[in-house]
$ cat entry-v2.txt   # compact mmCIF, C-alpha atoms and all ligand atoms
# COMPACT_ATOMS: atom_id res chain seq x y z
CA MET A 1 22.88 -95.09 -102.66
CA ALA A 2 21.87 -97.15 -99.62
CA LYS A 3 24.47 -97.12 -96.90
CA LYS A 4 24.53 -100.25 -94.85
CA PRO A 5 26.40 -101.83 -91.98
CA PRO A 6 28.95 -103.24 -91.62
CA PHE A 7 30.68 -100.20 -93.07
CA VAL A 8 34.47 -100.32 -93.28
CA ALA A 9 36.50 -97.36 -94.49
CA GLY A 10 40.25 -97.30 -95.02
CA ASN A 11 42.00 -93.98 -94.38
CA TRP A 12 45.31 -94.09 -96.23
CA LYS A 13 46.39 -90.72 -94.80
CA MET A 14 49.60 -89.33 -96.39
CA HIS A 15 50.64 -92.68 -97.84
CA MET A 16 50.52 -94.33 -101.26
CA THR A 17 52.06 -93.13 -104.49
CA ILE A 18 49.74 -93.45 -107.47
CA PRO A 19 51.12 -96.89 -108.52
CA GLU A 20 50.90 -98.14 -104.91
CA ALA A 21 47.36 -96.76 -104.58
CA LYS A 22 46.30 -98.48 -107.81
CA ASP A 23 47.71 -101.82 -106.63
CA LEU A 24 46.01 -101.59 -103.25
CA ALA A 25 42.67 -100.49 -104.71
CA THR A 26 42.81 -103.28 -107.29
CA ALA A 27 43.40 -105.88 -104.57
CA VAL A 28 40.56 -104.49 -102.43
CA VAL A 29 38.14 -104.40 -105.38
CA ARG A 30 39.01 -108.00 -106.26
CA ALA A 31 38.42 -109.21 -102.70
CA SER A 32 35.28 -107.08 -102.29
CA MET A 33 33.49 -109.12 -104.95
CA GLU A 34 33.17 -111.94 -102.45
CA LEU A 35 32.13 -109.60 -99.66
CA PRO A 36 28.95 -107.92 -100.91
CA GLU A 37 27.50 -107.79 -97.39
CA ALA A 38 29.83 -104.97 -96.37
CA GLU A 39 30.08 -101.39 -97.53
CA ILE A 40 33.74 -100.74 -98.30
CA VAL A 41 35.16 -97.26 -98.72
CA LEU A 42 38.72 -96.20 -99.59
CA ALA A 43 40.17 -92.78 -98.72
CA PRO A 44 43.38 -92.26 -100.72
CA PRO A 45 45.36 -89.01 -100.69
CA PHE A 46 44.06 -86.32 -103.08
CA THR A 47 46.76 -87.12 -105.65
CA ALA A 48 45.48 -90.67 -106.14
CA LEU A 49 41.72 -90.01 -106.09
CA SER A 50 41.17 -89.94 -109.83
CA GLU A 51 43.22 -93.06 -110.53
CA VAL A 52 41.61 -94.99 -107.68
CA PHE A 53 38.20 -93.84 -108.92
CA LYS A 54 38.86 -95.52 -112.27
CA ILE A 55 39.55 -98.77 -110.42
CA VAL A 56 36.56 -98.71 -108.05
CA GLU A 57 34.11 -97.14 -110.50
CA GLU A 58 32.55 -100.38 -111.73
CA SER A 59 32.62 -102.07 -108.33
CA ALA A 60 30.72 -101.67 -105.07
CA VAL A 61 33.77 -100.08 -103.43
CA GLN A 62 33.28 -96.37 -102.83
CA LEU A 63 35.69 -93.48 -102.79
CA ALA A 64 36.30 -90.95 -100.02
CA ALA A 65 38.54 -87.92 -99.67
CA GLN A 66 40.30 -87.20 -96.39
CA ASN A 67 39.41 -83.51 -96.11
CA LEU A 68 37.86 -80.57 -97.94
CA HIS A 69 37.62 -76.80 -97.73
CA GLY A 70 34.40 -75.21 -96.50
CA GLU A 71 34.03 -72.91 -99.53
CA ASP A 72 33.01 -74.16 -102.96
CA ARG A 73 35.64 -72.20 -104.90
CA GLY A 74 37.97 -69.26 -104.71
CA ALA A 75 41.47 -68.08 -103.95
CA PHE A 76 42.41 -70.74 -101.40
CA THR A 77 45.76 -72.00 -102.62
CA GLY A 78 46.38 -75.64 -101.79
CA GLU A 79 42.78 -76.39 -100.80
CA VAL A 80 40.23 -78.74 -102.38
CA SER A 81 36.48 -78.08 -102.36
CA ALA A 82 33.42 -80.33 -102.28
CA PRO A 83 32.53 -79.73 -105.97
CA LEU A 84 36.10 -80.73 -106.90
CA LEU A 85 35.82 -83.90 -104.81
CA LYS A 86 32.51 -84.75 -106.42
CA ASP A 87 34.12 -84.20 -109.82
CA ALA A 88 36.96 -86.58 -108.85
CA GLY A 89 34.40 -89.31 -108.06
CA CYS A 90 34.15 -89.08 -104.27
CA GLN A 91 30.95 -90.28 -102.62
CA TYR A 92 32.30 -89.58 -99.12
CA VAL A 93 34.66 -87.20 -97.35
CA ILE A 94 36.26 -87.60 -93.93
CA ILE A 95 35.69 -84.46 -91.85
CA GLY A 96 37.18 -83.48 -88.48
CA HIS A 97 39.72 -86.29 -88.21
CA SER A 98 41.62 -85.85 -84.95
CA GLU A 99 44.86 -85.32 -86.86
CA ARG A 100 43.27 -82.31 -88.55
CA ARG A 101 41.92 -81.05 -85.23
CA GLN A 102 45.31 -81.57 -83.50
CA PHE A 103 47.78 -80.47 -86.18
CA PHE A 104 45.77 -78.12 -88.40
CA GLY A 105 43.60 -76.29 -85.88
CA GLU A 106 40.29 -77.67 -87.07
CA THR A 107 37.43 -76.54 -84.81
CA ASP A 108 33.85 -77.71 -84.33
CA ALA A 109 32.69 -74.61 -86.19
CA GLY A 110 35.05 -75.43 -89.08
CA VAL A 111 33.79 -79.02 -89.10
CA ASN A 112 30.24 -77.68 -89.24
CA LYS A 113 31.04 -75.52 -92.25
CA LYS A 114 32.71 -78.42 -94.04
CA ILE A 115 29.73 -80.71 -93.35
CA SER A 116 27.38 -78.16 -94.93
CA ALA A 117 29.69 -77.72 -97.91
CA ALA A 118 29.95 -81.47 -98.48
CA LEU A 119 26.20 -82.01 -98.22
CA LYS A 120 25.50 -79.16 -100.63
CA SER A 121 27.62 -80.93 -103.26
CA GLY A 122 26.20 -84.39 -102.57
CA VAL A 123 29.35 -85.72 -100.91
CA ILE A 124 28.56 -87.65 -97.73
CA PRO A 125 30.46 -86.61 -94.60
CA ILE A 126 32.18 -89.17 -92.39
CA VAL A 127 32.39 -87.01 -89.27
CA CYS A 128 35.10 -87.88 -86.74
CA ILE A 129 34.83 -87.15 -83.04
CA GLY A 130 36.79 -88.40 -80.03
CA GLU A 131 38.54 -87.39 -76.84
CA THR A 132 42.26 -86.89 -76.16
CA PRO A 133 44.03 -89.01 -73.50
CA ALA A 134 43.96 -86.05 -71.07
CA GLU A 135 40.23 -85.55 -71.61
CA ARG A 136 39.59 -89.24 -70.91
CA GLU A 137 41.71 -89.12 -67.77
CA ARG A 138 39.74 -86.13 -66.53
CA GLY A 139 36.49 -88.06 -67.10
CA GLU A 140 35.38 -85.69 -69.87
CA THR A 141 34.89 -88.23 -72.70
CA MET A 142 31.10 -87.98 -72.94
CA ALA A 143 31.10 -84.20 -72.62
CA VAL A 144 33.74 -83.89 -75.36
CA VAL A 145 31.95 -86.10 -77.88
CA SER A 146 28.63 -84.38 -77.13
CA ARG A 147 30.24 -80.97 -77.64
CA GLN A 148 31.87 -82.07 -80.91
CA LEU A 149 28.58 -83.51 -82.15
CA GLU A 150 26.63 -80.45 -81.17
CA GLY A 151 29.10 -78.06 -82.78
CA GLY A 152 29.57 -80.17 -85.88
CA LEU A 153 25.88 -80.80 -86.48
CA GLU A 154 24.63 -77.31 -85.62
CA GLY A 155 21.92 -76.34 -88.09
CA ILE A 156 22.17 -79.64 -90.00
CA ALA A 157 18.61 -80.77 -90.71
CA LEU A 158 17.44 -84.39 -90.62
CA GLU A 159 17.73 -84.82 -94.39
CA GLY A 160 21.37 -83.77 -94.19
CA PHE A 161 22.04 -86.02 -91.23
CA GLU A 162 20.43 -89.16 -92.63
CA PRO A 163 23.13 -90.16 -95.12
CA MET A 164 25.94 -89.08 -92.78
CA ILE A 165 28.40 -91.42 -91.03
CA ILE A 166 29.74 -90.68 -87.54
CA ALA A 167 33.14 -92.10 -86.52
CA TYR A 168 34.11 -92.29 -82.86
CA GLU A 169 37.89 -92.25 -82.74
CA PRO A 170 39.48 -91.85 -79.31
CA VAL A 171 42.66 -89.87 -79.99
CA TRP A 172 44.66 -92.07 -77.61
CA ALA A 173 43.86 -95.12 -79.76
CA ILE A 174 44.74 -93.70 -83.20
CA GLY A 175 47.96 -95.11 -84.58
CA THR A 176 49.09 -96.11 -81.10
CA GLY A 177 48.26 -99.81 -81.08
CA LYS A 178 46.07 -99.09 -77.99
CA THR A 179 42.56 -100.07 -79.01
CA ALA A 180 39.60 -99.10 -76.87
CA SER A 181 38.18 -102.24 -75.30
CA PRO A 182 34.85 -103.28 -76.81
CA ALA A 183 33.13 -102.14 -73.59
CA GLN A 184 34.88 -98.75 -73.61
CA ALA A 185 33.97 -98.17 -77.25
CA GLU A 186 30.39 -99.36 -76.78
CA GLU A 187 29.85 -97.02 -73.84
CA VAL A 188 30.71 -94.01 -76.01
CA HIS A 189 28.83 -95.31 -79.06
CA ALA A 190 25.68 -95.73 -76.97
CA HIS A 191 26.12 -92.18 -75.67
CA ILE A 192 26.53 -90.86 -79.23
CA ARG A 193 23.35 -92.67 -80.33
CA GLN A 194 21.49 -91.15 -77.40
CA ASP A 195 22.65 -87.68 -78.40
CA LEU A 196 21.56 -88.37 -81.97
CA THR A 197 18.18 -89.59 -80.72
CA ARG A 198 17.66 -86.33 -78.83
CA ARG A 199 18.64 -84.39 -81.93
CA TYR A 200 17.00 -86.32 -84.77
CA GLY A 201 14.56 -88.75 -83.12
CA ASN A 202 14.51 -92.49 -82.57
CA GLY A 203 14.37 -93.87 -86.12
CA PRO A 204 17.17 -91.79 -87.66
CA ALA A 205 19.40 -92.37 -84.64
CA GLU A 206 18.75 -96.10 -84.67
CA TYR A 207 19.72 -96.35 -88.33
CA ALA A 208 22.69 -94.01 -88.07
CA ILE A 209 25.99 -95.69 -88.84
CA ILE A 210 28.51 -95.10 -86.07
CA LEU A 211 32.03 -96.32 -86.80
CA TYR A 212 34.80 -97.04 -84.34
CA GLY A 213 38.35 -96.06 -85.24
CA GLY A 214 41.61 -96.51 -83.37
CA SER A 215 44.08 -99.32 -83.97
CA VAL A 216 41.48 -101.66 -85.46
CA LYS A 217 43.14 -104.90 -86.55
CA PRO A 218 41.88 -108.28 -87.78
CA ALA A 219 42.37 -109.60 -84.24
CA ASN A 220 40.11 -107.07 -82.49
CA ALA A 221 37.54 -106.34 -85.20
CA PHE A 222 35.13 -109.16 -84.34
CA ALA A 223 34.86 -108.30 -80.64
CA LEU A 224 34.41 -104.59 -81.34
CA LEU A 225 31.73 -105.03 -83.99
CA SER A 226 29.87 -107.54 -81.82
CA GLU A 227 28.90 -104.58 -79.63
CA LYS A 228 25.36 -103.35 -80.20
CA ASN A 229 26.14 -99.79 -81.24
CA ILE A 230 29.27 -100.35 -83.34
CA ASP A 231 28.35 -100.50 -87.04
CA GLY A 232 31.74 -100.51 -88.70
CA PHE A 233 35.26 -99.15 -88.67
CA LEU A 234 37.45 -96.33 -89.83
CA VAL A 235 40.81 -98.03 -90.28
CA GLY A 236 44.17 -96.28 -90.60
CA GLY A 237 47.35 -98.37 -90.39
CA ALA A 238 45.72 -101.72 -91.10
CA SER A 239 44.12 -100.38 -94.30
CA LEU A 240 47.50 -99.92 -95.97
CA GLU A 241 47.71 -103.62 -96.79
CA ALA A 242 44.93 -105.36 -98.65
CA GLU A 243 45.27 -108.52 -96.60
CA SER A 244 44.73 -106.93 -93.18
CA PHE A 245 42.05 -104.55 -94.45
CA ILE A 246 40.06 -107.33 -96.09
CA GLU A 247 40.42 -109.54 -93.03
CA ILE A 248 38.89 -106.73 -90.97
CA VAL A 249 35.99 -106.57 -93.44
CA ARG A 250 35.51 -110.35 -93.12
CA GLU A 251 35.52 -110.17 -89.31
CA ALA A 252 33.09 -107.27 -89.43
CA ILE A 253 30.67 -109.23 -91.63
CA LYS A 254 30.90 -112.25 -89.32
CA ALA A 255 30.24 -110.18 -86.21
CA TYR A 256 27.39 -108.27 -87.83
CA LYS A 257 25.65 -111.48 -88.95
CA GLU A 258 25.90 -112.93 -85.45
CA LYS A 259 24.47 -109.92 -83.69
CA LYS A 260 21.61 -109.30 -86.15
C1 LIG B 1 42.50 -93.29 -88.33
O1 LIG B 1 43.41 -92.63 -88.78
O2 LIG B 1 41.35 -92.92 -88.53
C2 LIG B 1 42.81 -94.49 -87.56
C3 LIG B 1 41.83 -95.07 -86.93
O3 LIG B 1 44.12 -94.93 -87.58
P1 LIG B 1 44.67 -96.32 -86.97
O4 LIG B 1 43.73 -97.41 -87.43
O5 LIG B 1 46.03 -96.47 -87.54
O6 LIG B 1 44.66 -96.17 -85.47
$ encode --input "entry-v2.txt" --output "structure tokens"
Amino acid sequence: MAKKPPFVAGNWKMHMTIPEAKDLATAVVRASMELPEAEIVLAPPFTALSEVFKIVEESAVQLAAQNLHGEDRGAFTGEVSAPLLKDAGCQYVIIGHSERRQFFGETDAGVNKKISAALKSGVIPIVCIGETPAERERGETMAVVSRQLEGGLEGIALEGFEPMIIAYEPVWAIGTGKTASPAQAEEVHAHIRQDLTRRYGNGPAEYAIILYGGSVKPANAFALLSEKNIDGFLVGGASLEAESFIEIVREAIKAYKEKK
């Protein structure tokens, strides 16, 4: 599976009944046929994974889960492991989303364990990092994302890193309608790529896909993706309707073609 930019993933969070998920996935698959230039990924809630898999299976649209447990199996009531996600048809899994860090106590060490578990089962991690509003105000943004990267990627060898996707999601921009300006986002993306270069070398860092997430909409997608180091988006709210999600994909393709 060759990952390619522009890469646009929709995180449906705790939304979508199974019939709603099927309708949305069907609409995205239909539209995706005219958008082969982009890699499109859908992350439904666990309950809808299998049904959405049946819809995307024969298309280029890929399936992601929103979380996983760091162990492969065992007495962990309510948890879902990487082998179970693989079995449900997931190619990707979102790890370390700020909502999990904020509300469920996810740590860099926990993220690291989940990354290893996902890779072991052949599920590709989409690893989220990003600073809180207070951390940005204190001028700690770069230190925070570096620390999250370092902790999350600890002990992950190049072959594990290569398929992986990194998503920079400033916490103050998620679900708030406050998007980072293209310049603000680019500054952090360039910093992330530098960190990845130090860790994995020039080539792998250059080809790494680094997404931006935080109130991405059709109206701001083009300007954001026109920045050198922004390769795609992780979209929350605007992914819940096919029309806005697909429009973001279209804008991303346009911007990517222009900057190539
Ligand atoms: C997200 O949840 O990853 C996200 C970016 O949400 P939103 O687009 O709604 O800000």
$ atom_distance --input "entry-v2.txt" --atom1 "atom O4 of ligand LIG 1 (chain B)" --atom2 "CA of Ala238 in chain A"
6.0 Å
$ residues_near_point --input "entry-v2.txt" --point "(35.9, -76.8, -99.2)" --cutoff "6 Å" --atoms "all atoms listed in the file" --output "number ranges by chain"
A: 68-72, 80-82
$ closest_residue --input "entry-v2.txt" --among "A:Glu169, A:Glu206, A:Glu162, A:Glu58" --to "Phe233 in chain A" --atoms "only C-alpha atoms"
A:Glu169
$ closest_residue --input "entry-v2.txt" --among "A:Ala60, A:Lys114, A:Phe53, A:Arg199" --to "Ala88 in chain A" --atoms "all atoms listed in the file"
A:Phe53
$ closest_atom_pairs --input "entry-v2.txt" --of "chain A" --to "ligand LIG 1 (chain B)" --cutoff "8 Å" --atoms "only C-alpha atoms and all ligand atoms" --output "tab-separated table"
residue	atom	partner	partner_atom	distance
A:Gly10	CA	B:LIG1	O2	7.9
A:Asn11	CA	B:LIG1	O1	5.9
A:Trp12	CA	B:LIG1	O1	7.8
A:Lys13	CA	B:LIG1	O1	7.0
A:His97	CA	B:LIG1	O2	6.8
A:Ser98	CA	B:LIG1	O2	7.9
A:Glu99	CA	B:LIG1	O1	7.7
A:Glu169	CA	B:LIG1	C3	6.4
A:Ala173	CA	B:LIG1	O6	5.9
A:Ile174	CA	B:LIG1	O6	3.4
A:Gly175	CA	B:LIG1	O6	3.6
A:Thr176	CA	B:LIG1	O6	6.2
A:Gly177	CA	B:LIG1	O6	6.7
A:Thr179	CA	B:LIG1	O6	7.8
A:Tyr212	CA	B:LIG1	C3	7.7
A:Gly213	CA	B:LIG1	C3	4.0
A:Gly214	CA	B:LIG1	O6	3.7
A:Ser215	CA	B:LIG1	O6	3.5
A:Val216	CA	B:LIG1	O4	5.2
A:Lys217	CA	B:LIG1	O4	7.6
A:Phe233	CA	B:LIG1	C3	7.9
A:Leu234	CA	B:LIG1	O2	5.3
A:Val235	CA	B:LIG1	O4	4.1
A:Gly236	CA	B:LIG1	O3	3.3
A:Gly237	CA	B:LIG1	O5	3.7
A:Ala238	CA	B:LIG1	O4	6.0
A:Ser239	CA	B:LIG1	O4	7.5
$ atom_distance --input "entry-v2.txt" --atom1 "CA of Leu196 in chain A" --atom2 "CA of Thr141 in chain A"
16.2 Å
$ atom_distance --input "entry-v2.txt" --atom1 "CA of Ser116 in chain A" --atom2 "CA of Cys128 in chain A"
14.9 Å
$ closest_residue --input "entry-v2.txt" --among "A:Gly89, A:Ile165, A:Pro6, A:Phe104" --to "Lys228 in chain A" --atoms "all atoms listed in the file"
A:Pro6
$ residues_around --input "entry-v2.txt" --residues "Pro36 in chain A" --least-positions-apart "2" --cutoff "12 Å" --atoms "all atoms listed in the file" --output "ChimeraX atom specification"
/A:4-7,29-34,38-40,59-61,249-250,253
$ residues_around --input "entry-v2.txt" --residues "Ala134 in chain A" --least-positions-apart "3" --cutoff "12 Å" --atoms "all atoms listed in the file" --output "PyMOL selection string"
chain A and resi 130-131+137-141+144+170-172
$ closest_residue --input "entry-v2.txt" --among "A:Pro83, A:Gly155, A:Gly78, A:Cys90" --to "Leu49 in chain A" --atoms "all atoms listed in the file"
A:Cys90
$ closest_residue --input "entry-v2.txt" --among "A:Ala180, A:Leu63, A:Val52, A:Ile18" --to "Gln91 in chain A" --atoms "only C-alpha atoms"
A:Leu63
$ closest_residue --input "entry-v2.txt" --among "A:Glu187, A:Glu154, A:Glu241, A:Glu251" --to "Leu24 in chain A" --atoms "all atoms listed in the file"
A:Glu241
$ axis_aligned_box --input "entry-v2.txt" --around "range 30-45 of chain A" --padding-each-side "5 Å" --output "JSON"
{"center_x": 36.4, "center_y": -100.5, "center_z": -101.3, "size_x": 27.9, "size_y": 32.9, "size_z": 19.9}
$ residues_near_point --input "entry-v2.txt" --point "(24.6, -96.6, -86.6)" --cutoff "8 Å" --atoms "all atoms listed in the file" --output "list in words"
Pro5, Ile165, Ile166, Arg193, Ala205, Glu206, Tyr207, Ala208, Ile209, Ile210, Leu211, Asn229, Ile230 and Asp231 of chain A
